[in-house]
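Q: So here's start-v3.txt (compact mmCIF, C-alpha atoms).
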# COMPACT_ATOMS: atom_id res chain seq x y z
CA MET O 1 68.47 -42.11 -0.31
CA ASN O 2 68.93 -40.01 -3.46
CA ASN O 3 70.23 -43.04 -5.28
CA LEU O 4 67.16 -44.99 -4.40
CA LEU O 5 64.83 -42.16 -5.45
CA ASN O 6 66.78 -41.55 -8.65
CA THR O 7 66.70 -45.25 -9.44
CA ILE O 8 62.95 -45.33 -8.89
CA LEU O 9 62.39 -42.16 -10.89
CA LYS O 10 64.61 -43.29 -13.77
CA ASP O 11 61.84 -45.19 -15.48
CA THR O 12 58.89 -43.93 -13.46
CA PHE O 13 57.30 -40.83 -14.96
CA SER O 14 53.83 -40.59 -13.58
CA VAL O 15 52.64 -39.95 -10.06
CA ASN O 16 50.29 -42.93 -10.11
CA LEU O 17 53.02 -45.29 -11.25
CA LEU O 18 55.44 -43.93 -8.67
CA LYS O 19 52.91 -44.49 -5.90
CA HIS O 20 52.19 -47.99 -7.16
CA ARG O 21 55.87 -48.89 -7.34
CA LEU O 22 56.60 -47.52 -3.92
CA ARG O 23 53.71 -49.55 -2.54
CA ILE O 24 54.88 -52.82 -4.11
CA LEU O 25 58.47 -52.17 -3.08
CA LYS O 26 57.45 -51.45 0.47
CA SER O 27 55.16 -54.46 0.51
CA ASN O 28 57.89 -56.66 -0.84
CA LEU O 29 60.42 -55.44 1.74
CA LEU O 30 58.00 -55.77 4.60
CA LYS O 31 57.21 -59.26 3.47
CA THR O 32 60.90 -60.00 3.38
CA PHE O 33 61.56 -58.57 6.84
CA PHE O 34 58.39 -59.35 8.72
CA GLY O 35 56.94 -62.34 6.96
CA SER O 36 53.56 -62.72 5.35
CA ASN O 37 51.50 -60.93 8.02
CA GLN O 38 51.44 -57.83 5.83
CA GLU O 39 48.81 -57.26 3.19
CA GLU O 40 49.67 -59.24 0.06
CA LEU O 41 49.64 -57.33 -3.25
CA SER O 42 49.06 -59.09 -6.52
CA LEU O 43 52.00 -58.34 -8.79
CA CYS O 44 52.02 -58.46 -12.54
CA ALA O 45 54.99 -59.37 -14.66
CA GLU O 46 55.94 -55.76 -15.21
CA ASP O 47 55.96 -55.17 -11.45
CA ILE O 48 58.14 -58.19 -10.86
CA ASN O 49 60.52 -57.13 -13.61
CA TRP O 50 60.70 -53.66 -12.15
CA LEU O 51 61.46 -55.06 -8.68
CA LYS O 52 64.18 -57.18 -10.19
CA SER O 53 65.62 -54.21 -12.02
CA ILE O 54 66.50 -52.49 -8.76
CA PRO O 55 70.19 -53.01 -8.02
CA LEU O 56 71.07 -55.22 -5.11
CA PRO O 57 73.08 -52.58 -3.18
CA LEU O 58 69.96 -50.54 -2.91
CA TYR O 59 68.10 -53.43 -1.45
CA GLN O 60 70.92 -54.02 1.00
CA GLN O 61 70.51 -50.66 2.63
CA PHE O 62 67.18 -51.80 3.99
CA ASP O 63 66.79 -53.76 7.18
CA LYS O 64 63.84 -54.32 9.43
CA ASP O 65 64.84 -51.39 11.65
CA ASN O 66 65.07 -48.68 9.02
CA VAL O 67 62.55 -49.76 6.42
CA TYR O 68 59.75 -47.55 7.72
CA GLN O 69 62.08 -44.64 8.24
CA ILE O 70 63.50 -44.90 4.71
CA PHE O 71 60.03 -45.01 3.20
CA SER O 72 58.96 -42.10 5.33
CA ASN O 73 61.93 -40.10 4.07
CA LEU O 74 61.23 -41.20 0.53
CA GLU O 75 57.65 -39.96 0.74
CA MET O 76 58.87 -36.67 2.09
CA GLU O 77 61.32 -36.33 -0.80
CA ILE O 78 58.66 -37.26 -3.32
CA SER O 79 56.31 -34.62 -1.95
CA LYS O 80 58.96 -32.02 -2.86
CA LEU O 81 59.08 -33.11 -6.50
CA LYS O 82 57.49 -30.95 -9.19
CA VAL O 83 54.34 -32.38 -10.73
CA LEU O 84 53.04 -31.37 -14.15
CA THR O 85 49.42 -32.27 -14.75
CA ILE O 86 49.02 -33.20 -18.38
CA TYR O 87 45.68 -33.69 -20.08
CA LEU O 88 45.65 -36.17 -22.95
CA THR O 89 42.97 -37.18 -25.43
CA PHE O 90 43.95 -40.85 -25.21
CA GLU O 91 45.10 -43.27 -22.54
CA PRO O 92 48.82 -43.79 -23.01
CA ASP O 93 50.47 -47.16 -22.53
CA GLU O 94 53.63 -47.43 -20.47
CA ILE O 95 55.94 -46.94 -23.42
CA THR O 96 54.13 -43.85 -24.63
CA LEU O 97 54.07 -42.53 -21.11
CA SER O 98 57.79 -43.13 -20.84
CA GLN O 99 58.39 -41.27 -24.08
CA ILE O 100 56.31 -38.30 -22.96
CA GLY O 101 57.88 -38.34 -19.50
CA ALA O 102 61.41 -38.58 -20.90
CA PHE O 103 60.79 -35.66 -23.24
CA ALA O 104 59.29 -33.59 -20.43
CA ARG O 105 62.21 -34.29 -18.10
CA LYS O 106 64.64 -33.50 -20.90
CA THR O 107 62.82 -30.26 -21.58
CA PHE O 108 62.24 -29.09 -17.96
CA ASP O 109 63.51 -31.03 -14.96
CA PRO O 110 65.08 -34.51 -14.63
CA THR O 111 62.89 -35.29 -11.62
CA LEU O 112 59.65 -34.00 -13.07
CA LEU O 113 56.60 -36.16 -12.48
CA LEU O 114 53.51 -36.27 -14.68
CA ASP O 115 49.98 -36.48 -13.43
CA ILE O 116 48.13 -37.98 -16.38
CA LYS O 117 44.47 -37.05 -16.91
CA LEU O 118 42.13 -37.87 -19.80
CA ASN O 119 40.10 -35.24 -21.64
CA PRO O 120 38.77 -36.35 -25.06
CA ASN O 121 37.21 -32.89 -25.58
CA LEU O 122 40.65 -31.56 -26.39
CA ILE O 123 40.34 -33.39 -29.78
CA ALA O 124 44.11 -33.61 -30.26
CA GLY O 125 47.20 -32.30 -28.55
CA THR O 126 47.41 -31.60 -24.86
CA ALA O 127 46.76 -29.15 -22.03
CA PHE O 128 48.77 -28.54 -18.88
CA ALA O 129 48.13 -27.50 -15.34
CA TRP O 130 51.18 -26.10 -13.59
CA LYS O 131 51.09 -24.89 -10.01
CA GLY O 132 47.33 -24.52 -10.21
CA ILE O 133 47.27 -22.68 -13.56
CA TYR O 134 45.65 -24.36 -16.54
CA LYS O 135 46.76 -23.75 -20.12
CA ASP O 136 45.35 -25.40 -23.17
CA TYR O 137 47.65 -26.20 -26.11
CA SER O 138 45.24 -28.59 -27.76
CA LEU O 139 43.43 -28.46 -31.09
CA HIS O 140 40.33 -27.43 -29.19
CA ALA O 141 42.08 -24.28 -28.00
CA LYS O 142 43.35 -23.57 -31.50
CA ILE O 143 39.83 -23.96 -32.87
CA GLU O 144 38.53 -21.61 -30.16
CA GLU O 145 41.19 -19.08 -31.14
CA LYS O 146 40.20 -19.30 -34.77
CA LYS O 147 36.50 -19.55 -34.04
CA PRO O 148 35.48 -16.23 -35.66
CA GLU O 149 37.42 -17.03 -38.83
CA ILE O 150 36.04 -20.56 -38.96
CA LEU O 151 32.48 -19.33 -38.48
CA GLU O 152 32.99 -16.64 -41.08
CA GLY O 153 34.20 -19.32 -43.46
CA PHE O 154 31.10 -21.38 -42.68
CA LYS O 155 28.87 -18.41 -43.26
CA ARG O 156 30.57 -17.63 -46.51
CA PHE O 157 30.11 -21.22 -47.52
CA LEU O 158 26.40 -21.09 -46.58
CA ARG O 159 25.86 -17.95 -48.67
CA MET S 1 -136.95 29.65 95.64
CA GLU S 2 -135.06 26.83 96.28
CA ASN S 3 -131.64 27.18 97.45
CA LEU S 4 -129.27 26.50 94.78
CA PRO S 5 -126.20 24.64 95.66
CA ILE S 6 -123.42 27.02 95.52
CA ASP S 7 -120.19 25.62 94.72
CA LEU S 8 -116.92 27.45 95.37
CA GLY S 9 -115.40 26.31 92.31
CA VAL S 10 -118.14 27.47 90.18
CA LEU S 11 -118.16 30.74 91.91
CA ILE S 12 -114.45 31.14 91.26
CA ALA S 13 -114.92 30.12 87.68
CA ALA S 14 -117.79 32.48 87.30
CA ALA S 15 -115.79 35.20 88.87
CA PHE S 16 -112.96 34.52 86.51
CA ALA S 17 -115.39 34.52 83.64
CA VAL S 18 -116.84 37.80 84.65
CA VAL S 19 -113.39 39.21 85.08
CA ALA S 20 -112.40 37.83 81.79
CA ILE S 21 -115.41 39.25 80.10
CA ILE S 22 -114.76 42.51 81.71
CA LEU S 23 -111.17 42.41 80.66
CA TYR S 24 -112.24 41.43 77.23
CA LEU S 25 -114.67 44.19 76.98
CA ARG S 26 -112.20 46.62 78.29
CA GLU S 27 -109.64 45.36 75.83
CA TYR S 28 -112.21 45.53 73.13
CA ASN S 29 -113.03 49.08 73.98
CA GLN S 30 -109.43 50.02 74.15
CA ARG S 31 -108.73 48.47 70.89
CA LYS S 32 -111.62 50.11 69.31
CA LYS S 33 -110.56 53.37 70.73
CA LEU S 34 -107.05 52.82 69.52
CA GLN S 35 -108.36 51.89 66.12
CA SER S 36 -110.39 54.98 65.89
CA GLU S 37 -107.45 57.01 67.06
CA GLY S 38 -105.35 55.24 64.59
CA ASP S 39 -107.73 55.84 61.83
CA LYS S 40 -107.90 59.39 62.73
CA PHE S 41 -104.18 59.61 62.89
CA LEU S 42 -103.93 57.83 59.63
CA GLN S 43 -106.42 60.21 58.11
CA GLN S 44 -104.33 63.01 59.32
CA ILE S 45 -101.25 61.49 58.04
CA LYS S 46 -102.95 60.78 54.77
CA GLU S 47 -104.05 64.24 54.50
CA LYS S 48 -100.68 65.52 55.35
CA GLY S 49 -99.29 63.04 52.92
CA TRP S 50 -101.50 64.23 50.18
CA GLU S 51 -100.63 67.71 50.95
CA THR S 52 -96.98 66.88 50.99
CA LEU S 53 -97.43 64.94 47.87
CA ASN S 54 -99.12 67.76 46.18
CA GLN S 55 -96.42 70.05 47.26
CA SER S 56 -93.88 67.59 46.17
CA ILE S 57 -95.57 67.20 42.87
CA LYS S 58 -95.69 70.89 42.48
CA LYS S 59 -92.12 71.22 43.43
CA SER S 60 -91.25 68.30 41.25
CA GLN S 61 -93.08 69.81 38.40
CA ALA S 62 -91.22 72.98 39.01
CA ILE S 63 -88.04 71.14 39.22
CA LEU S 64 -88.98 69.16 36.21
CA GLY S 65 -89.74 72.32 34.37
CA GLN S 66 -86.49 73.75 35.39
CA ALA S 67 -84.86 70.51 34.66
CA GLU S 68 -86.53 70.32 31.32
CA LEU S 69 -85.48 73.82 30.68
CA ALA S 70 -82.02 73.07 31.83
CA GLY S 71 -82.17 69.86 29.89
CA VAL S 72 -83.31 71.69 26.82
CA LYS S 73 -80.58 74.14 27.41
CA VAL S 74 -78.11 71.39 28.03
CA ALA S 75 -79.47 69.47 25.09
CA ALA S 76 -79.26 72.49 22.94
CA GLN S 77 -75.84 73.24 24.20
CA THR S 78 -74.85 69.60 23.95
CA SER S 79 -76.19 69.42 20.46
CA PHE S 80 -74.28 72.52 19.57
CA GLU S 81 -71.17 71.24 21.21
CA THR S 82 -71.69 67.87 19.61
CA SER S 83 -72.15 69.37 16.24
CA LYS S 84 -69.19 71.54 16.88
CA LEU S 85 -67.20 68.57 18.03
CA GLU S 86 -68.43 66.57 15.13
CA GLU S 87 -67.51 69.34 12.84
CA GLU S 88 -64.12 69.65 14.48
CA TYR S 89 -63.73 65.94 14.41
CA SER S 90 -64.75 65.82 10.81
CA ARG S 91 -62.40 68.61 10.02
CA GLN S 92 -59.55 67.03 11.89
CA LEU S 93 -60.40 63.64 10.50
CA GLN S 94 -60.48 65.11 7.05
CA ALA S 95 -57.15 66.75 7.78
CA VAL S 96 -55.75 63.49 9.03
CA LEU S 97 -57.21 61.72 6.07
CA ASN S 98 -55.78 64.29 3.75
CA GLN S 99 -52.45 64.04 5.49
CA SER S 100 -52.57 60.29 5.38
CA GLN S 101 -53.59 60.45 1.77
CA ARG S 102 -50.67 62.69 1.05
CA ALA S 103 -48.37 60.47 3.09
CA ILE S 104 -49.63 57.38 1.33
CA THR S 105 -49.26 59.10 -2.01
CA ALA S 106 -45.76 60.17 -1.08
CA SER S 107 -44.91 56.71 0.17
CA GLN S 108 -46.40 55.23 -2.92
CA ASN S 109 -44.36 57.58 -5.03
CA GLN S 110 -41.26 56.72 -3.03
CA LEU S 111 -42.02 53.06 -3.36
CA LEU S 112 -42.51 53.44 -7.08
CA GLN S 113 -39.31 55.40 -7.27
CA PHE S 114 -37.56 52.77 -5.21
CA MET S 115 -38.98 50.02 -7.39
CA GLN S 116 -37.86 51.84 -10.50
CA ASP S 117 -34.39 52.31 -9.01
CA LEU S 118 -34.35 48.72 -7.98
CA GLN S 119 -35.42 47.63 -11.40
CA LYS S 120 -32.82 49.81 -12.98
CA ARG S 121 -30.12 48.53 -10.65
CA SER S 122 -31.28 45.01 -11.16
CA GLY S 123 -31.05 45.52 -14.88
CA GLU S 124 -27.60 46.97 -14.55
CA PHE S 125 -26.54 44.18 -12.22
CA GLU S 126 -27.99 41.60 -14.55
CA GLN S 127 -26.19 43.19 -17.46
CA ALA S 128 -22.92 43.31 -15.51
CA SER S 129 -23.43 39.80 -14.26
CA GLN S 130 -24.19 38.57 -17.73
CA SER S 131 -21.14 40.24 -19.21
CA SER S 132 -18.97 39.02 -16.31
CA GLY S 133 -20.37 35.52 -16.66
CA GLN S 134 -19.82 35.60 -20.39
CA GLU S 135 -16.27 36.78 -19.83
CA ARG S 136 -15.62 34.04 -17.27
CA ILE S 137 -17.14 31.44 -19.55
CA ASN S 138 -14.95 32.68 -22.37
CA GLN S 139 -11.88 32.54 -20.11
CA LEU S 140 -12.90 29.09 -18.92
CA PHE S 141 -13.28 27.90 -22.48
CA GLU S 142 -9.94 29.41 -23.42
CA ARG S 143 -8.24 27.73 -20.46
CA LEU S 144 -10.02 24.49 -21.16
CA GLU S 145 -8.98 24.68 -24.78
CA THR S 146 -5.38 25.42 -23.78
CA LYS S 147 -5.29 22.63 -21.22
CA LEU S 148 -6.95 20.20 -23.56
CA SER S 149 -4.48 21.12 -26.25
CA ASP S 150 -1.57 20.70 -23.82
CA PHE S 151 -2.99 17.44 -22.58
CA LEU S 152 -3.42 16.16 -26.12
CA ILE S 153 0.11 17.21 -27.01
CA GLN S 154 1.50 15.58 -23.87
CA THR S 155 -0.55 12.46 -24.50
CA GLU S 156 0.65 12.35 -28.06
CA GLN S 157 4.24 12.82 -26.92
CA LYS S 158 3.88 10.20 -24.21
CA THR S 159 2.20 7.81 -26.59
CA THR S 160 4.88 8.40 -29.19
CA SER S 161 7.59 8.02 -26.56
CA SER S 162 5.94 4.90 -25.20
CA ILE S 163 5.59 3.41 -28.67
CA GLU S 164 9.20 4.29 -29.44
CA LEU S 165 10.31 2.70 -26.18
CA GLU S 166 8.21 -0.36 -26.91
CA LEU S 167 9.65 -0.53 -30.40
CA LYS S 168 13.14 -0.05 -29.05
CA ALA S 169 12.58 -2.75 -26.45
CA ALA S 170 11.08 -5.03 -29.08
CA ARG S 171 14.03 -4.36 -31.40
CA GLN S 172 16.46 -4.98 -28.55
CA LEU S 173 14.61 -8.15 -27.67
CA LEU S 174 14.67 -9.18 -31.29
CA ASP S 175 18.35 -8.33 -31.59
CA THR S 176 19.10 -10.19 -28.38
CA TYR S 177 17.10 -13.16 -29.55
CA LYS S 178 18.74 -13.00 -32.94
CA SER S 179 22.24 -12.73 -31.48
CA GLU S 180 21.50 -15.50 -28.99
CA GLN S 181 20.15 -17.70 -31.74
CA LEU S 182 23.15 -16.92 -33.94
CA LYS S 183 25.42 -17.60 -30.98
CA LEU S 184 23.63 -20.87 -30.40
CA ILE S 185 23.96 -21.74 -34.08
CA ASP S 186 27.66 -20.82 -33.96
CA GLU S 187 28.12 -22.95 -30.87
CA ASN S 188 26.29 -25.80 -32.53
CA ILE S 189 28.47 -25.43 -35.64
CA MET S 190 31.59 -25.43 -33.49
CA ALA S 191 30.37 -28.38 -31.43
CA MET S 192 29.55 -30.34 -34.57
CA MET S 193 32.88 -29.50 -36.09
CA GLU S 194 34.76 -30.42 -32.91
CA GLN S 195 32.82 -33.65 -32.60
CA THR S 196 33.53 -34.49 -36.24
CA LEU S 197 37.19 -33.64 -35.86
CA SER S 198 37.36 -35.64 -32.66
CA LEU S 199 35.86 -38.68 -34.36
CA VAL S 200 37.98 -38.33 -37.46
CA LEU S 201 41.24 -37.54 -35.70
CA ALA S 202 40.77 -40.35 -33.21
CA LYS S 203 40.84 -42.73 -36.15
CA LYS S 204 43.21 -40.93 -38.47
CA LEU S 205 45.74 -39.39 -36.09
CA SER S 206 48.60 -41.78 -35.38
CA LEU S 207 50.33 -42.16 -32.02
CA LYS S 208 53.40 -40.53 -33.46
CA ASP S 209 51.35 -37.54 -34.54
CA GLN S 210 49.78 -37.39 -31.08
CA LEU S 211 53.21 -37.51 -29.48
CA ASP S 212 54.49 -34.84 -31.84
CA LEU S 213 51.62 -32.60 -30.83
CA ILE S 214 52.44 -33.21 -27.13
CA TYR S 215 56.14 -32.51 -27.66
CA GLU S 216 55.25 -29.38 -29.55
CA ALA S 217 53.00 -28.29 -26.69
CA LEU S 218 55.76 -28.96 -24.13
CA GLU S 219 58.23 -26.92 -26.13
CA LYS S 220 55.77 -24.13 -26.56
CA ALA S 221 55.10 -24.12 -22.80
CA LYS S 222 58.83 -23.86 -22.26
CA ILE S 223 59.17 -21.01 -24.75
CA GLU S 224 56.24 -19.20 -23.13
CA LYS S 225 57.81 -19.95 -19.73
CA PHE S 226 54.55 -21.40 -18.58
CA ILE S 227 56.42 -24.30 -17.01
CA VAL S 228 59.55 -23.17 -15.24
Just dump the structure as structure tokens.
A:
Amino acid sequence: MNNLLNTILKDTFSVNLLKHRLRILKSNLLKTFFGSNQEELSLCAEDINWLKSIPLPLYQQFDKDNVYQIFSNLEMEISKLKVLTIYLTFEPDEITLSQIGAFARKTFDPTLLLDIKLNPNLIAGTAFAWKGIYKDYSLHAKIEEKKPEILEGFKRFLR
Amino acid sequence: MENLPIDLGVLIAAAFAVVAIILYLREYNQRKKLQSEGDKFLQQIKEKGWETLNQSIKKSQAILGQAELAGVKVAAQTSFETSKLEEEYSRQLQAVLNQSQRAITASQNQLLQFMQDLQKRSGEFEQASQSSGQERINQLFERLETKLSDFLIQTEQKTTSSIELELKAARQLLDTYKSEQLKLIDENIMAMMEQTLSLVLAKKLSLKDQLDLIYEALEKAKIEKFIV
């Protein structure tokens, strides 16, 4: 179980991607065990590559009797994982997301998941929400901190 | 002579006529006798009456004389008494008149005295009333002047206070408006600057720079123990 989760988490850093990968894995296994009566998901090349990257022994632990149970346990384990909400000023591609995720896991927790949200008002940098508390580390926050000095500079310039 | 037929009826009628004549004559004689007796009696009575009358007249005259005498006496006495009474009456009337005159004079004098007193008192009262009224008017004017002065001072103070409050409120409003406008201008400056920076940095900031900023933020969060 932990091997499977660790394997999935190894190159999966965001909550959305984790949910997507679990869904395609489950769909693929259900298709394998129960035929094509399940809902068919359209898979892109990246999805197929990811499915292929999963080692065979992990696949072999599934059969048609335990597949639901394993996924149920997996979801329970995933719900226990720590999630850091990170606000970005741009939409990261998968590589960038992997770089950010890898750095975050290296810095905090190897199983940390990121919940990526976009906020262009931050100008540059990022902001976090951790356990319901928001903290802004962006350029916007720095500008707000220096607001009186900036305005004073403007006023001096206008004089 | 021839025999005349004698009738019984005629005889009876003749007899009755004879009787009647006789009776008439007898009655006539009696009446005449009675008349003469009556005349005689009347003459007697007349004579007696004259005599009585004369006596009466005499007596009356005597009485009248006495009466006249008595009347003269009475008249004289009455006249005396009357004059006496008149005199007494006049005297008493004069006395009453004199007394009344004196009483009237006294009353008149009293009335005059009373009127003089009344006039004097009225004058005094008028004088006192005038002075009292003047005093009250003076007091009233003084109070009015004091109250008017107080009222004017209070009004002035209130007006000044009200104007000061209005000025203060106006200044506060102006300050508030000014600060709000300045705040708005500051916010606009900041918004413009942020928008400009956002536009510029979106083009000029590389992915590596973006990632460096994110790594820096993650490390800072770790140092601050925001993410544990």
Q: Can you pull out the residues contacting stretch 43-59 of chain O? Cut-off 9 Å, using all atoms listed in the file, and skip same-chain residues under 6 positions away; I want them as a ChimeraX atom specification.
A: /O:1,3-4,7-8,21,24-25,28-29
Q: At most 7 Å is the cut-off: for each residue in chain O with any atom that close to an atom of chain S, write down the nearest atom pair and the distance in Å rounded to one decimal, counting only C-alpha atoms, chain first then increasing number, as a tab-separated table.
A:
residue	atom	partner	partner_atom	distance
O:Ala104	CA	S:Leu218	CA	6.9
O:Ile123	CA	S:Ser198	CA	4.7
O:Ala124	CA	S:Gln210	CA	6.9
O:Gly125	CA	S:Leu213	CA	5.0
O:Thr126	CA	S:Ile214	CA	5.7
O:Trp130	CA	S:Ile227	CA	6.5
O:Tyr137	CA	S:Ala217	CA	5.8
O:Leu151	CA	S:Asp186	CA	6.8
Q: Work out how far apart atom CA of O:Leu9 and atom CA of O:Asp109 are and give it in Å to one decimal.
A: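 Computed distance, atom CA of O:Leu9 to atom CA of O:Asp109, equals 11.9 Å.
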Q: Calculate how many Å separate atom CA of O:Lys26 from atom CA of O:Glu91, rounding to one decimal.
A: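 Going from atom CA of O:Lys26 over to atom CA of O:Glu91, I get 27.4 Å.
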Q: Within 6 Å of O:Phe13, counting all atoms listed in the file, which residues qualify if same-chain residues fewer than 4 places away don't, as a ChimeraX atom specification?
A: /O:101,113-114
Q: For a test of reading the model, state the distance in Å between atom CA of O:Lys131 and atom CA of O:Leu112, rounded to one decimal.
A: 12.9 Å
Q: What does stretch 142-162 of chain S look like written to a file with N, CA and C atoms, as a PDB file, in the first residue's frame?
A:
ATOM      1  N   GLU S 142     -34.619  97.448  35.649  1.00  0.00           N
ATOM      2  CA  GLU S 142     -33.307  96.903  36.021  1.00  0.00           C
ATOM      3  C   GLU S 142     -33.235  95.405  35.736  1.00  0.00           C
ATOM      4  N   ARG S 143     -34.347  94.700  36.147  1.00  0.00           N
ATOM      5  CA  ARG S 143     -34.378  93.256  35.902  1.00  0.00           C
ATOM      6  C   ARG S 143     -34.370  92.947  34.407  1.00  0.00           C
ATOM      7  N   LEU S 144     -35.168  93.736  33.703  1.00  0.00           N
ATOM      8  CA  LEU S 144     -35.236  93.534  32.256  1.00  0.00           C
ATOM      9  C   LEU S 144     -33.871  93.745  31.608  1.00  0.00           C
ATOM     10  N   GLU S 145     -33.216  94.798  32.111  1.00  0.00           N
ATOM     11  CA  GLU S 145     -31.887  95.106  31.562  1.00  0.00           C
ATOM     12  C   GLU S 145     -30.906  93.964  31.864  1.00  0.00           C
ATOM     13  N   THR S 146     -31.009  93.472  33.139  1.00  0.00           N
ATOM     14  CA  THR S 146     -30.120  92.371  33.538  1.00  0.00           C
ATOM     15  C   THR S 146     -30.387  91.124  32.707  1.00  0.00           C
ATOM     16  N   LYS S 147     -31.702  90.810  32.606  1.00  0.00           N
ATOM     17  CA  LYS S 147     -32.056  89.593  31.852  1.00  0.00           C
ATOM     18  C   LYS S 147     -31.684  89.728  30.384  1.00  0.00           C
ATOM     19  N   LEU S 148     -31.937  90.895  29.844  1.00  0.00           N
ATOM     20  CA  LEU S 148     -31.597  91.128  28.442  1.00  0.00           C
ATOM     21  C   LEU S 148     -30.100  90.991  28.224  1.00  0.00           C
ATOM     22  N   SER S 149     -29.366  91.553  29.191  1.00  0.00           N
ATOM     23  CA  SER S 149     -27.905  91.470  29.099  1.00  0.00           C
ATOM     24  C   SER S 149     -27.454  90.010  29.177  1.00  0.00           C
ATOM     25  N   ASP S 150     -28.048  89.280  30.170  1.00  0.00           N
ATOM     26  CA  ASP S 150     -27.708  87.853  30.291  1.00  0.00           C
ATOM     27  C   ASP S 150     -28.055  87.098  29.022  1.00  0.00           C
ATOM     28  N   PHE S 151     -29.278  87.392  28.535  1.00  0.00           N
ATOM     29  CA  PHE S 151     -29.740  86.696  27.332  1.00  0.00           C
ATOM     30  C   PHE S 151     -28.803  86.966  26.149  1.00  0.00           C
ATOM     31  N   LEU S 152     -28.411  88.244  26.040  1.00  0.00           N
ATOM     32  CA  LEU S 152     -27.518  88.604  24.930  1.00  0.00           C
ATOM     33  C   LEU S 152     -26.164  87.918  25.073  1.00  0.00           C
ATOM     34  N   ILE S 153     -25.693  87.866  26.337  1.00  0.00           N
ATOM     35  CA  ILE S 153     -24.403  87.196  26.569  1.00  0.00           C
ATOM     36  C   ILE S 153     -24.507  85.711  26.233  1.00  0.00           C
ATOM     37  N   GLN S 154     -25.621  85.107  26.736  1.00  0.00           N
ATOM     38  CA  GLN S 154     -25.821  83.671  26.469  1.00  0.00           C
ATOM     39  C   GLN S 154     -25.952  83.416  24.970  1.00  0.00           C
ATOM     40  N   THR S 155     -26.728  84.298  24.326  1.00  0.00           N
ATOM     41  CA  THR S 155     -26.912  84.133  22.878  1.00  0.00           C
ATOM     42  C   THR S 155     -25.584  84.255  22.148  1.00  0.00           C
ATOM     43  N   GLU S 156     -24.813  85.238  22.597  1.00  0.00           N
ATOM     44  CA  GLU S 156     -23.510  85.436  21.976  1.00  0.00           C
ATOM     45  C   GLU S 156     -22.630  84.197  22.182  1.00  0.00           C
ATOM     46  N   GLN S 157     -22.671  83.704  23.451  1.00  0.00           N
ATOM     47  CA  GLN S 157     -21.861  82.513  23.755  1.00  0.00           C
ATOM     48  C   GLN S 157     -22.325  81.311  22.931  1.00  0.00           C
ATOM     49  N   LYS S 158     -23.666  81.167  22.895  1.00  0.00           N
ATOM     50  CA  LYS S 158     -24.209  80.025  22.135  1.00  0.00           C
ATOM     51  C   LYS S 158     -23.858  80.154  20.654  1.00  0.00           C
ATOM     52  N   THR S 159     -24.034  81.383  20.164  1.00  0.00           N
ATOM     53  CA  THR S 159     -23.734  81.603  18.746  1.00  0.00           C
ATOM     54  C   THR S 159     -22.265  81.319  18.470  1.00  0.00           C
ATOM     55  N   THR S 160     -21.428  81.839  19.364  1.00  0.00           N
ATOM     56  CA  THR S 160     -19.987  81.614  19.191  1.00  0.00           C
ATOM     57  C   THR S 160     -19.672  80.123  19.244  1.00  0.00           C
ATOM     58  N   SER S 161     -20.284  79.473  20.272  1.00  0.00           N
ATOM     59  CA  SER S 161     -20.065  78.033  20.429  1.00  0.00           C
ATOM     60  C   SER S 161     -20.558  77.274  19.203  1.00  0.00           C
ATOM     61  N   SER S 162     -21.761  77.686  18.744  1.00  0.00           N
ATOM     62  CA  SER S 162     -22.335  77.013  17.575  1.00  0.00           C
ATOM     63  C   SER S 162     -21.457  77.207  16.343  1.00  0.00           C
TER      64      SER S 162
END
